[in-house]
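Colleague: My questions all concern the structure below.
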Amino acid sequence: MEEKQVMIMGGGIAGLTAARDLAEFGVNVHLIEKSSFMGGYAIGYTCKASTECLQCGACSVEKTLKEATETPNIEFHLSTTVEAVSSENNKFSAKLKKGPFFIDPERCNNCGLCYEKSPEKGAVLRGYSKNNHPLYAITAEGIQSHRDFFASVCPEGAISVDAKATSETLGVDALIVATGFEPFDPNQKPTYRYAEHANVITGLDMERIKRTHGALVRPSDGQPPEKIAFIQCVGSRDERLGHLWCSRVCCPYALRSAQSIKTQSPEMDITIFYMDIQNIGKNFPEFYQTCKSDFRFIRSIPVDIFGEDNDRLSLRRFDETEGTTVMETFDLVVLSIGIMPNSENPAISKLLGIELDQDGFIDHNDALNQTLTSQNGIFVAGTASGPNSIPGSMAQAGHAAGEVLKYLGVTQ
Amino acid sequence: MTTAKNTREMEKIEIATDVLVIGGGYTGLKAADSIAETGYRVILADQKDAGTPGQSSLFGLQPDFQNSLDGLKDAVKANSRVEFLPEARIKTAAGVPGDFTIRLTSDGTEIEKKVGAIVVATDIVSTPLNHIYGLDLSDRVISLSDFEEKLSSADFKKKLDKDKQTVAFLAGFAQDGNPLLMKRILDSVLAVEEAGKNATAYVYINDIKVAGDNLERLYKAGRDAGAIYFKSTQPPEIKQQNDGPAILLHDPVIRSDIEAEPDYLVIEEAMTPGQVNSELADILRIDLGPMGFLQTDNVHRFPVHSNREGIYVIGSTRDIQDLSDTWTDVENAVLDIKQLLGDGTKEVPKFCAVVDREKCVTCLTCYRCCPHGAIYWDDKAVISPVACQACGICASECPQEAIQVTGYSDDELLEQIRTEISGIKNGDPKILAFCCENSALEAGRTADLFHYNLPKGLRLIRVPCAGKVDIHYVLSAFIEGADGVLVMACHPGNCKSETGTTFARWRINNAYQMLEETGIDKNRLEFVTLASNMAPDFAKIAVEMEKRIG
């Protein structure tokens, strides 16, 4: 049988899963990732276990990335974008723009010297997973500002400050779009004053804080908070913004995070402001009961956040029992921002000739088969097509891989 | 940091490639169709669960799907690769992946089948929850399923409009509910509103479960069409009088009591796995999960794996799923089956876990503790190389020490313990960490590679599962001169072998007692659980141990 080639756009959990599944059936996979590291948003998420696993799936991302890197017929194209795609006789031709790669992966031994000695924070990036290679990437701005430093720092001679972007053309038989989502920008809800108050953070900020500090601390003073609030549905289920969808993952991440925080700090006072709590896992009724006994649930979404002394924050909301607005003060407020369509979706739609749905996600052509796009030979997986969890995206990616195999005739 | 080499000699074996699908509803039919399409022969055992009210619970108000189901059923029955067994009941299932022997009855006849893989595709059962509300079902107090049935009649809808009827829906107070049930309610609400401008829907509801495709939009469409929602965390007061139901609710927003006497009161339904799941769990020796679903809440099982290789659980067998999720499960199972069965010959490790037949006394401890159902016996215990996941729990539990795991034999591990400890420079506290390769080993390697602060005298010993850590290894480490020992397992519920963490914890608790008796400070031994992405925590735990014992 002629060797089949598949291009997957997006190296997040959906792209990695589909790549691994296809490669296991002997298909050659080109996995295209625009950033310097594989794993997408999900590789940055922390473990949400309390005294037991709460099935967030973050460790599955690490595991899938490891499996994908150990699978021989996947070629990883990091820092790569797809510039043009044309198709003829069931073959796609894709023009890629690659790099520039300032670190030569062949020579880099991941010693970390460039990262540790870097004169400027942010000039050298390190991915979240050890399964990326190289572990580090130097930004173009970093090279420009500190050319001499980078030209001399690497004892292996793996850094070339003059590296230029290159182009490459791939011929492939099928395509999977796994380009993911964009987190809601909380500045679109100005009354929450996200930009103004350091202690108003998003769920993603909370992940980064936990990664960096090993625990949840207030950005303003690095001290652990005593009283925190989660505000649900920030950007999701919002008619005024025209966002008529539930992001599905925010109730799970808020409640799991709250449980995990409560396990580490049993004294923590936690309040969840919500409209409707969505189900989390198979064991939801039991899990929700535990949550209800551990935190306060208030069915009301706060309208404003005001700054108080000591960087504390006041939330103003309508109170059902009082029938009036009330104010309450917290040390830290976590905004459960939702899943938005990737802002590049219109460009991707144009590039590939596939349709978007009314919300701006990649449309699926069949109500029941959520992996088919409006173009033959182009499939979709993960949050590119709408809100989904890690396990949900992985399942959809497995399905997409199955559809690709059928389309390519790679059956028994 | 070194680890045991895990090289394995492979051998080719012949395996059966027929696939048994249990369940003749949408999920089972879809699975049979897709598996047959890949070329395998399928035996479809139409095992109806007593009390299943057909498919209405999955399809709700969608007659198109009912039609496509009928079409699918005809196509599957006509498929020469599918053997359809009506009125089937599975009696026994023996053997291992690639070689299962199934005894079942179909239409009263006993049949035996050899299959390579099994797919469980049972249906969900809908039960009205009127009893939780203290209500009796009647002409006007009806279940959601019965109301959906009524809505399928155009005359009924005409009457709703003509007689200016009101329909009240009650949901979220007798149970938490789920998006699939929510979709059915939202569809019915919209259908009432669309019956005509004089028909009205009231919805008394707690949490609105909109975490599904287009549900927020559907919710809005119903409200835009005139449906009125009363959201509350407490159920309304309901009286069932001779002239029909009466509902009293205190509305917190307008702060007054609202009374209604609807023409119909539609009661929510529980959507649960059938009784048949627990019966199948026993017969197939697969784990029963929460709420009676046939899959534990363990990320290593998602999407369609059971604890046994070669047995897959799909659709509403494993969770409440809509039709598109079910299709996704089917295609994932097809991929797994293709990988398992291939063309009927399979390369398997010649030795995975090996039983010393001289030492084995057939006590069957291994059979009982194997979480993967990989062990059977002739006159001695036998471990199937296809089913074995090499976790090593059996090897550490065997009272005769008759089982060795290739690459992780007692001799190899003890030798490694000796070598690692003797390699640590004198002066540095010697810490040995037994690390499950699925979690702690990954975290430890990341901590090392990312240059986190780690004790100089820390060495990692790779184990396939914390359940492989024998109490003997821990004691040997101390005898060889370790100052501290860490046993690092996966979080409970995240063990790939389900019970490895539990076994490890038991053994370490025993080890604490032994240490106490021998006068070794208990603080020198620590059992912890963590995940692969917890490198900072790994470093913190190791450094804290060093401080404690240094």
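Each chain in the structure tokens gets a letter, A, B, ..., in the order shown, and its residues are numbered from 1; ligands are numbered from 1 in order too.
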Tell me, counting only C-alpha atoms, for each residue of chain B within 8 Å of chain A, which pair of atoms is nearest and how far apart they are in Å to one decimal, in rows ordered by chain and increasing number, as a tab-separated table.
Modeller:
residue	atom	partner	partner_atom	distance
B:Thr38	CA	A:Thr411	CA	5.8
B:Gly39	CA	A:Gln412	CA	6.4
B:Asp176	CA	A:Pro285	CA	6.5
B:Asn178	CA	A:Asn279	CA	6.7
B:Asn206	CA	A:Asp276	CA	7.8
B:Asp207	CA	A:Asp276	CA	4.6
B:Ile208	CA	A:Asp276	CA	5.6
B:Lys209	CA	A:Gln278	CA	5.6
B:Val210	CA	A:Cys246	CA	6.2
B:Ala211	CA	A:Arg248	CA	4.9
B:Gly212	CA	A:Arg248	CA	7.5
B:Asn214	CA	A:Trp245	CA	6.8
B:Leu215	CA	A:Trp245	CA	7.4
B:Glu216	CA	A:Trp245	CA	5.3
B:Arg217	CA	A:Leu244	CA	5.6
B:Pro252	CA	A:Glu320	CA	5.5
B:Val253	CA	A:Glu320	CA	6.5
B:Arg255	CA	A:Gly323	CA	7.4
B:Pro290	CA	A:Asn283	CA	5.6
B:Met291	CA	A:Asn283	CA	6.9
B:Asp297	CA	A:Lys282	CA	6.6
B:Asn298	CA	A:Gln55	CA	6.5
B:Val299	CA	A:Gln55	CA	5.8
B:His300	CA	A:Ser60	CA	7.8
B:Phe302	CA	A:Pro391	CA	6.8
B:Pro303	CA	A:Ala395	CA	5.9
B:Asp319	CA	A:Lys282	CA	6.3
B:Leu323	CA	A:Leu368	CA	6.4
B:Ser324	CA	A:Leu368	CA	4.4
B:Trp327	CA	A:Asn369	CA	6.8
B:Thr328	CA	A:His399	CA	5.3
B:Asp329	CA	A:Ala395	CA	7.1
B:Glu331	CA	A:His399	CA	5.2
B:Asn332	CA	A:His399	CA	5.5
B:Val334	CA	A:Gly402	CA	7.8
B:Leu335	CA	A:Gly402	CA	6.3
B:Gln339	CA	A:Phe25	CA	8.0
B:Gly342	CA	A:Gln412	CA	7.4
B:Asp343	CA	A:Gln412	CA	6.9
B:Arg445	CA	A:Lys130	CA	7.8
B:Thr446	CA	A:Lys130	CA	5.4
B:Leu449	CA	A:Lys130	CA	7.0
B:Phe450	CA	A:Gly112	CA	7.7
B:His491	CA	A:Glu52	CA	5.4
B:Pro492	CA	A:Glu52	CA	4.9
B:Gly493	CA	A:Cys53	CA	5.3
B:Asn494	CA	A:Cys53	CA	5.7
B:Ala531	CA	A:Cys59	CA	6.6
B:Ser532	CA	A:Cys59	CA	6.0
B:Asn533	CA	A:Cys59	CA	6.0
B:Met534	CA	A:Cys47	CA	7.0
B:Pro536	CA	A:Gly214	CA	6.6
B:Asp537	CA	A:Gly214	CA	7.1
Colleague: List the spatial neighbours of Ile201 of chain A as a count of residues only - criterion: any atom at most 12 Å away, only C-alpha atoms, same-chain residues fewer than 3 positions off excluded.
Modeller: 35
Colleague: Report as a list of chain:residue names all protein, DNA and RNA residues lying within 10 Å of Ala168 of chain B, evaluated on only C-alpha atoms, omitting residues in the same chain fewer than 6 positions from it.
Modeller: B:Val141, B:Val189, B:Thr200, B:Ala201, B:Tyr202, B:Val203, B:Tyr204, B:Ala227, B:Ile228, B:Tyr229, B:Pro245, B:Ile247, B:Ala260, B:Glu261, B:Pro262, B:Asp263, B:Tyr264, B:Leu265, B:Val266, B:Ile267
Colleague: Can those selected residues be exported to a file as an mmCIF file, in the first residue's frame so that it contains N, CA and C atoms?
Modeller:
data_model
loop_
_atom_site.group_PDB
_atom_site.id
_atom_site.type_symbol
_atom_site.label_atom_id
_atom_site.label_comp_id
_atom_site.auth_asym_id
_atom_site.auth_seq_id
_atom_site.Cartn_x
_atom_site.Cartn_y
_atom_site.Cartn_z
ATOM 1 N N VAL B 141 -50.984 14.465 35.100
ATOM 2 C CA VAL B 141 -49.624 14.452 35.664
ATOM 3 C C VAL B 141 -48.889 13.319 34.959
ATOM 4 N N VAL B 189 -40.656 21.931 25.430
ATOM 5 C CA VAL B 189 -41.104 23.294 25.750
ATOM 6 C C VAL B 189 -41.329 24.070 24.456
ATOM 7 N N THR B 200 -49.220 27.518 26.269
ATOM 8 C CA THR B 200 -48.161 28.115 27.085
ATOM 9 C C THR B 200 -47.400 27.060 27.880
ATOM 10 N N ALA B 201 -46.084 27.234 27.935
ATOM 11 C CA ALA B 201 -45.254 26.332 28.750
ATOM 12 C C ALA B 201 -44.683 27.096 29.939
ATOM 13 N N TYR B 202 -44.776 26.481 31.118
ATOM 14 C CA TYR B 202 -44.117 26.987 32.314
ATOM 15 C C TYR B 202 -43.066 25.963 32.707
ATOM 16 N N VAL B 203 -41.904 26.416 33.080
ATOM 17 C CA VAL B 203 -40.871 25.459 33.472
ATOM 18 C C VAL B 203 -40.402 25.782 34.890
ATOM 19 N N TYR B 204 -40.590 24.841 35.780
ATOM 20 C CA TYR B 204 -40.112 24.975 37.157
ATOM 21 C C TYR B 204 -38.824 24.173 37.234
ATOM 22 N N ALA B 227 -42.195 30.778 26.431
ATOM 23 C CA ALA B 227 -42.120 29.917 27.612
ATOM 24 C C ALA B 227 -41.648 30.727 28.818
ATOM 25 N N ILE B 228 -42.191 30.402 29.978
ATOM 26 C CA ILE B 228 -41.822 31.138 31.189
ATOM 27 C C ILE B 228 -41.080 30.200 32.136
ATOM 28 N N TYR B 229 -39.906 30.649 32.577
ATOM 29 C CA TYR B 229 -39.077 29.829 33.462
ATOM 30 C C TYR B 229 -39.116 30.365 34.881
ATOM 31 N N PRO B 245 -53.545 19.228 38.814
ATOM 32 C CA PRO B 245 -52.460 19.696 39.670
ATOM 33 C C PRO B 245 -52.510 21.211 39.902
ATOM 34 N N ILE B 247 -49.894 24.354 41.401
ATOM 35 C CA ILE B 247 -48.500 24.630 41.759
ATOM 36 C C ILE B 247 -48.398 25.992 42.423
ATOM 37 N N ALA B 260 -50.373 28.405 39.868
ATOM 38 C CA ALA B 260 -50.727 27.955 38.525
ATOM 39 C C ALA B 260 -51.503 26.654 38.618
ATOM 40 N N GLU B 261 -52.472 26.500 37.724
ATOM 41 C CA GLU B 261 -53.199 25.231 37.628
ATOM 42 C C GLU B 261 -53.099 24.756 36.192
ATOM 43 N N PRO B 262 -51.960 24.114 35.862
ATOM 44 C CA PRO B 262 -51.732 23.754 34.458
ATOM 45 C C PRO B 262 -52.621 22.591 34.014
ATOM 46 N N ASP B 263 -52.805 22.510 32.705
ATOM 47 C CA ASP B 263 -53.572 21.380 32.172
ATOM 48 C C ASP B 263 -52.747 20.098 32.224
ATOM 49 N N TYR B 264 -51.443 20.253 32.045
ATOM 50 C CA TYR B 264 -50.556 19.083 32.167
ATOM 51 C C TYR B 264 -49.380 19.447 33.053
ATOM 52 N N LEU B 265 -49.010 18.514 33.887
ATOM 53 C CA LEU B 265 -47.769 18.681 34.646
ATOM 54 C C LEU B 265 -46.828 17.563 34.207
ATOM 55 N N VAL B 266 -45.734 17.953 33.569
ATOM 56 C CA VAL B 266 -44.807 16.961 32.994
ATOM 57 C C VAL B 266 -43.644 16.752 33.973
ATOM 58 N N ILE B 267 -43.445 15.502 34.358
ATOM 59 C CA ILE B 267 -42.469 15.166 35.396
ATOM 60 C C ILE B 267 -41.161 14.685 34.782
#
Colleague: By how many Å are atom CA of Pro190 of chain A and atom CA of Gly235 of chain A apart?
Modeller: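 For atom CA of Pro190 of chain A relative to atom CA of Gly235 of chain A, the distance reads 11.7 Å.
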Colleague: Record the distance separating atom CA of Ala191 of chain B and atom CA of Leu69 of chain B, expressed in Å with one decimal.
Modeller: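 Separation of atom CA of Ala191 of chain B and atom CA of Leu69 of chain B: 22.3 Å.
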Colleague: Env of segment 275-278 of chain B: 10 Å cut, atoms = only C-alpha atoms, seq-sep filter 3 positions within chain, self excluded. Answer as a PyMOL selection string.
Modeller: chain B and resi 47-51+89+120-125+272+281-284+286-289+292-294+317-318
Colleague: DSSP on the backbone: what in segment 8-223 of chain A comes out strand (DSSP E or B), as a PyMOL selection string?
Modeller: chain A and resi 8-9+28-32+74-77+80-88+91-98+103+124-126+136-138+159+166-172+174-177+181-183+200-202
Colleague: Output N, CA and C atoms for every residue in that selection, as a short mmCIF file (atom, residue, chain, number, x, y, z; two decimals), in the first residue's frame.
Modeller:
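Below you can see selection.cif, which holds the result:
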data_model
loop_
_atom_site.label_atom_id
_atom_site.label_comp_id
_atom_site.auth_asym_id
_atom_site.auth_seq_id
_atom_site.Cartn_x
_atom_site.Cartn_y
_atom_site.Cartn_z
N ILE A 8 -2.02 17.57 10.25
CA ILE A 8 -2.89 17.99 11.34
C ILE A 8 -2.50 19.41 11.74
N MET A 9 -3.46 20.30 11.72
CA MET A 9 -3.17 21.68 12.10
C MET A 9 -3.51 21.85 13.57
N ASN A 28 1.69 8.46 7.82
CA ASN A 28 2.68 9.50 8.13
C ASN A 28 1.97 10.79 8.48
N VAL A 29 2.28 11.30 9.64
CA VAL A 29 1.57 12.49 10.12
C VAL A 29 2.50 13.69 10.17
N HIS A 30 2.02 14.81 9.64
CA HIS A 30 2.70 16.09 9.81
C HIS A 30 1.88 16.90 10.79
N LEU A 31 2.44 17.12 11.96
CA LEU A 31 1.71 17.85 13.00
C LEU A 31 2.24 19.28 13.03
N ILE A 32 1.36 20.22 12.68
CA ILE A 32 1.77 21.62 12.53
C ILE A 32 1.36 22.41 13.78
N ILE A 74 5.53 10.38 13.18
CA ILE A 74 4.94 11.72 13.32
C ILE A 74 6.07 12.74 13.17
N GLU A 75 5.90 13.65 12.22
CA GLU A 75 6.88 14.73 12.12
C GLU A 75 6.30 15.98 12.74
N PHE A 76 7.00 16.52 13.73
CA PHE A 76 6.53 17.72 14.42
C PHE A 76 7.06 18.95 13.72
N HIS A 77 6.16 19.85 13.35
CA HIS A 77 6.57 21.12 12.75
C HIS A 77 6.23 22.22 13.74
N THR A 80 5.41 26.80 13.17
CA THR A 80 5.09 26.68 11.75
C THR A 80 3.65 27.12 11.51
N THR A 81 3.46 27.86 10.43
CA THR A 81 2.10 28.24 10.05
C THR A 81 1.83 27.75 8.62
N VAL A 82 0.55 27.53 8.35
CA VAL A 82 0.15 27.10 7.02
C VAL A 82 -0.24 28.35 6.24
N GLU A 83 0.48 28.62 5.17
CA GLU A 83 0.27 29.85 4.42
C GLU A 83 -0.77 29.71 3.32
N ALA A 84 -0.76 28.55 2.67
CA ALA A 84 -1.71 28.34 1.57
C ALA A 84 -1.98 26.86 1.42
N VAL A 85 -3.19 26.52 1.00
CA VAL A 85 -3.54 25.12 0.74
C VAL A 85 -4.29 25.06 -0.58
N SER A 86 -3.88 24.14 -1.43
CA SER A 86 -4.64 23.93 -2.66
C SER A 86 -4.93 22.44 -2.79
N SER A 87 -5.95 22.11 -3.54
CA SER A 87 -6.25 20.68 -3.68
C SER A 87 -6.53 20.33 -5.12
N GLU A 88 -6.10 19.13 -5.47
CA GLU A 88 -6.30 18.62 -6.82
C GLU A 88 -6.32 17.10 -6.74
N LYS A 91 -5.75 15.31 -3.54
CA LYS A 91 -4.47 15.58 -2.88
C LYS A 91 -4.45 17.04 -2.46
N PHE A 92 -3.91 17.28 -1.29
CA PHE A 92 -3.77 18.66 -0.84
C PHE A 92 -2.29 19.03 -0.90
N SER A 93 -2.08 20.27 -1.28
CA SER A 93 -0.71 20.77 -1.23
C SER A 93 -0.70 21.96 -0.26
N ALA A 94 0.16 21.88 0.74
CA ALA A 94 0.16 22.91 1.78
C ALA A 94 1.51 23.61 1.82
N LYS A 95 1.47 24.93 1.77
CA LYS A 95 2.70 25.71 1.85
C LYS A 95 2.90 26.16 3.29
N LEU A 96 4.04 25.78 3.85
CA LEU A 96 4.31 26.08 5.25
C LEU A 96 5.37 27.17 5.39
N LYS A 97 5.19 27.99 6.43
CA LYS A 97 6.25 28.92 6.81
C LYS A 97 6.80 28.44 8.14
N LYS A 98 8.10 28.17 8.17
CA LYS A 98 8.70 27.54 9.37
C LYS A 98 9.77 28.42 10.00
N ILE A 103 17.28 27.90 17.94
CA ILE A 103 17.95 26.77 18.59
C ILE A 103 17.90 25.56 17.66
N VAL A 124 13.80 33.97 26.63
CA VAL A 124 13.86 32.52 26.39
C VAL A 124 12.64 31.90 27.06
N LEU A 125 11.91 31.11 26.31
CA LEU A 125 10.71 30.46 26.85
C LEU A 125 11.00 29.00 27.15
N ARG A 126 10.35 28.49 28.19
CA ARG A 126 10.45 27.05 28.44
C ARG A 126 9.03 26.49 28.41
N TYR A 136 13.48 24.59 25.22
CA TYR A 136 13.54 26.06 25.24
C TYR A 136 13.34 26.63 23.85
N ALA A 137 12.88 27.88 23.82
CA ALA A 137 12.79 28.61 22.55
C ALA A 137 13.16 30.05 22.82
N ILE A 138 13.88 30.65 21.87
CA ILE A 138 14.27 32.06 22.04
C ILE A 138 13.38 32.89 21.13
N ILE A 159 22.85 27.60 19.19
CA ILE A 159 22.08 28.81 18.90
C ILE A 159 22.65 29.52 17.69
N THR A 166 11.94 29.67 6.95
CA THR A 166 12.05 28.96 5.68
C THR A 166 10.66 28.54 5.24
N SER A 167 10.56 28.08 4.01
CA SER A 167 9.26 27.56 3.59
C SER A 167 9.39 26.13 3.10
N GLU A 168 8.30 25.42 3.15
CA GLU A 168 8.29 24.01 2.76
C GLU A 168 6.92 23.71 2.20
N THR A 169 6.85 22.83 1.24
CA THR A 169 5.54 22.45 0.70
C THR A 169 5.31 20.97 0.97
N LEU A 170 4.13 20.68 1.52
CA LEU A 170 3.78 19.29 1.84
C LEU A 170 2.68 18.82 0.90
N GLY A 171 2.77 17.59 0.47
CA GLY A 171 1.67 16.97 -0.26
C GLY A 171 0.99 15.98 0.67
N VAL A 172 -0.29 16.16 0.95
CA VAL A 172 -0.96 15.26 1.89
C VAL A 172 -2.30 14.76 1.32
N ALA A 174 -5.02 13.94 3.42
CA ALA A 174 -6.16 14.39 4.23
C ALA A 174 -5.66 15.38 5.27
N LEU A 175 -6.61 16.09 5.85
CA LEU A 175 -6.27 17.16 6.80
C LEU A 175 -7.17 17.07 8.02
N ILE A 176 -6.60 17.31 9.18
CA ILE A 176 -7.44 17.47 10.37
C ILE A 176 -7.20 18.86 10.94
N VAL A 177 -8.29 19.57 11.17
CA VAL A 177 -8.19 20.89 11.78
C VAL A 177 -8.38 20.73 13.28
N PHE A 181 -9.11 26.68 20.66
CA PHE A 181 -10.01 27.77 21.06
C PHE A 181 -9.20 29.00 21.46
N GLU A 182 -9.93 30.02 21.87
CA GLU A 182 -9.29 31.18 22.46
C GLU A 182 -10.01 31.46 23.78
N PRO A 183 -9.27 31.70 24.86
CA PRO A 183 -9.97 32.01 26.11
C PRO A 183 -10.63 33.39 26.01
N VAL A 200 -7.86 40.34 40.62
CA VAL A 200 -8.93 39.78 39.77
C VAL A 200 -8.20 38.97 38.71
N ILE A 201 -8.32 37.66 38.78
CA ILE A 201 -7.55 36.81 37.85
C ILE A 201 -8.50 35.90 37.09
N THR A 202 -8.01 35.33 35.99
CA THR A 202 -8.81 34.36 35.24
C THR A 202 -8.41 32.95 35.68
#
Colleague: Based on the backbone DSSP call, show me all residues of segment 423-468 of chain B assigned helix (DSSP H, G or I), as a PyMOL selection string.
Modeller: chain B and resi 440-449+466-468
Colleague: Taking 6 positions as the minimum chain separation for residues in the same chain, which residues sit within 8 Å of Glu259 of chain B when counting only C-alpha atoms? Answer as a ChimeraX atom specification.
Modeller: /B:246-249
Colleague: What is the distance between atom CA of Ile22 of chain B and atom CA of Ala117 of chain B, in Å to one decimal?
Modeller: 11.1 Å
Colleague: So that I can check the surroundings of Leu432 of chain B, please list as a PyMOL selection string every protein, DNA and RNA residue that reaches within 8 Å of it, counting only C-alpha atoms and ignoring chain neighbours fewer than 4 positions away.
Modeller: chain B and resi 417+421+458-461+477+482+484-486
Colleague: Which residue out of B:Ser384, B:Gln404, B:Ser256, B:Thr101 has the minimum interatomic distance to Val348 of chain B when only C-alpha atoms are used?
Modeller: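 The shortest atom-to-atom distance to Val348 of chain B comes from B:Ser384.
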Colleague: Need to verify the contact set: Val386 of chain B, 12 Å, only C-alpha atoms, exclusion of same-chain residues closer than 5 positions in sequence. Can you return it as a PyMOL selection string?
Modeller: chain B and resi 10-15+95-100+116-117+308-310+340-341+345-353+372-375
Colleague: Those same residues, written as a compact mmCIF listing (two decimals), in the first residue's frame with N, CA and C atoms?
Modeller:
# COMPACT_ATOMS: atom_id res chain seq x y z
N MET B 10 9.39 -11.11 21.63
CA MET B 10 8.01 -11.16 21.13
C MET B 10 7.74 -12.50 20.47
N GLU B 11 6.46 -12.89 20.45
CA GLU B 11 6.07 -14.07 19.66
C GLU B 11 4.77 -13.79 18.95
N LYS B 12 4.55 -14.52 17.86
CA LYS B 12 3.32 -14.34 17.08
C LYS B 12 2.30 -15.37 17.50
N ILE B 13 1.06 -14.93 17.73
CA ILE B 13 0.00 -15.90 18.04
C ILE B 13 -1.21 -15.64 17.14
N GLU B 14 -1.99 -16.71 16.95
CA GLU B 14 -3.23 -16.59 16.18
C GLU B 14 -4.35 -16.18 17.12
N ILE B 15 -5.19 -15.26 16.71
CA ILE B 15 -6.32 -14.89 17.56
C ILE B 15 -7.62 -14.88 16.78
N GLY B 95 -11.98 -16.84 29.18
CA GLY B 95 -10.88 -16.62 28.25
C GLY B 95 -10.31 -15.22 28.32
N VAL B 96 -9.52 -14.91 27.29
CA VAL B 96 -8.73 -13.69 27.28
C VAL B 96 -8.89 -13.00 25.92
N PRO B 97 -8.44 -11.75 25.78
CA PRO B 97 -8.58 -11.05 24.50
C PRO B 97 -8.02 -11.89 23.35
N GLY B 98 -8.74 -11.90 22.26
CA GLY B 98 -8.32 -12.72 21.13
C GLY B 98 -8.82 -14.14 21.24
N ASP B 99 -9.33 -14.50 22.41
CA ASP B 99 -9.76 -15.89 22.62
C ASP B 99 -10.80 -15.97 23.76
N PHE B 100 -11.92 -15.27 23.55
CA PHE B 100 -13.00 -15.36 24.54
C PHE B 100 -13.96 -16.46 24.11
N GLY B 116 -12.89 -12.53 19.52
CA GLY B 116 -11.62 -11.90 19.89
C GLY B 116 -11.81 -10.69 20.79
N ALA B 117 -12.96 -10.03 20.63
CA ALA B 117 -13.21 -8.81 21.41
C ALA B 117 -14.70 -8.70 21.72
N ARG B 308 -10.51 -4.45 31.47
CA ARG B 308 -9.96 -5.63 30.79
C ARG B 308 -9.69 -5.31 29.33
N GLU B 309 -8.51 -5.71 28.88
CA GLU B 309 -8.13 -5.59 27.48
C GLU B 309 -9.16 -6.39 26.66
N GLY B 310 -9.55 -5.84 25.52
CA GLY B 310 -10.43 -6.59 24.63
C GLY B 310 -11.90 -6.48 24.95
N LEU B 340 -6.19 -4.19 18.25
CA LEU B 340 -6.08 -5.43 19.03
C LEU B 340 -6.08 -6.65 18.12
N LEU B 341 -7.02 -6.70 17.19
CA LEU B 341 -7.22 -7.93 16.41
C LEU B 341 -6.42 -7.97 15.12
N THR B 345 -3.38 -12.31 13.40
CA THR B 345 -2.14 -12.74 14.07
C THR B 345 -1.64 -11.55 14.87
N LYS B 346 -1.10 -11.85 16.02
CA LYS B 346 -0.72 -10.75 16.89
C LYS B 346 0.65 -11.00 17.49
N GLU B 347 1.44 -9.96 17.55
CA GLU B 347 2.72 -10.04 18.24
C GLU B 347 2.52 -9.71 19.70
N VAL B 348 2.87 -10.60 20.55
CA VAL B 348 2.74 -10.33 21.98
C VAL B 348 4.07 -10.64 22.66
N PRO B 349 4.31 -10.01 23.80
CA PRO B 349 5.54 -10.34 24.52
C PRO B 349 5.51 -11.81 24.93
N LYS B 350 6.59 -12.50 24.68
CA LYS B 350 6.64 -13.92 25.00
C LYS B 350 6.55 -14.10 26.51
N PHE B 351 7.22 -13.25 27.19
CA PHE B 351 7.14 -13.29 28.66
C PHE B 351 6.72 -11.91 29.14
N CYS B 352 5.67 -11.86 29.90
CA CYS B 352 5.23 -10.58 30.42
C CYS B 352 5.37 -10.68 31.93
N ALA B 353 4.40 -11.36 32.51
CA ALA B 353 4.57 -11.82 33.89
C ALA B 353 4.56 -13.34 33.79
N HIS B 372 -6.82 -6.61 35.81
CA HIS B 372 -7.07 -6.63 34.36
C HIS B 372 -7.70 -7.94 33.89
N GLY B 373 -8.06 -8.81 34.82
CA GLY B 373 -8.67 -10.08 34.44
C GLY B 373 -7.77 -10.88 33.51
N ALA B 374 -6.47 -10.80 33.73
CA ALA B 374 -5.51 -11.40 32.79
C ALA B 374 -5.08 -12.80 33.21
N ILE B 375 -5.57 -13.26 34.36
CA ILE B 375 -5.08 -14.53 34.88
C ILE B 375 -6.19 -15.58 34.91
Colleague: Please determine, counting only C-alpha atoms, which residue among B:Ile337, B:Met488, B:Leu190, B:Leu280 has the shortest atom-to-atom distance to Thr17 of chain B.
Modeller: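 Nearest to Thr17 of chain B: B:Ile337.
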Colleague: Tell me which of A:Arg312, A:Lys121, A:Lys292, A:Arg20 sits closest to Ile270 of chain A, counting only C-alpha atoms.
Modeller: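 Selected residue with least distance to Ile270 of chain A: A:Lys292.
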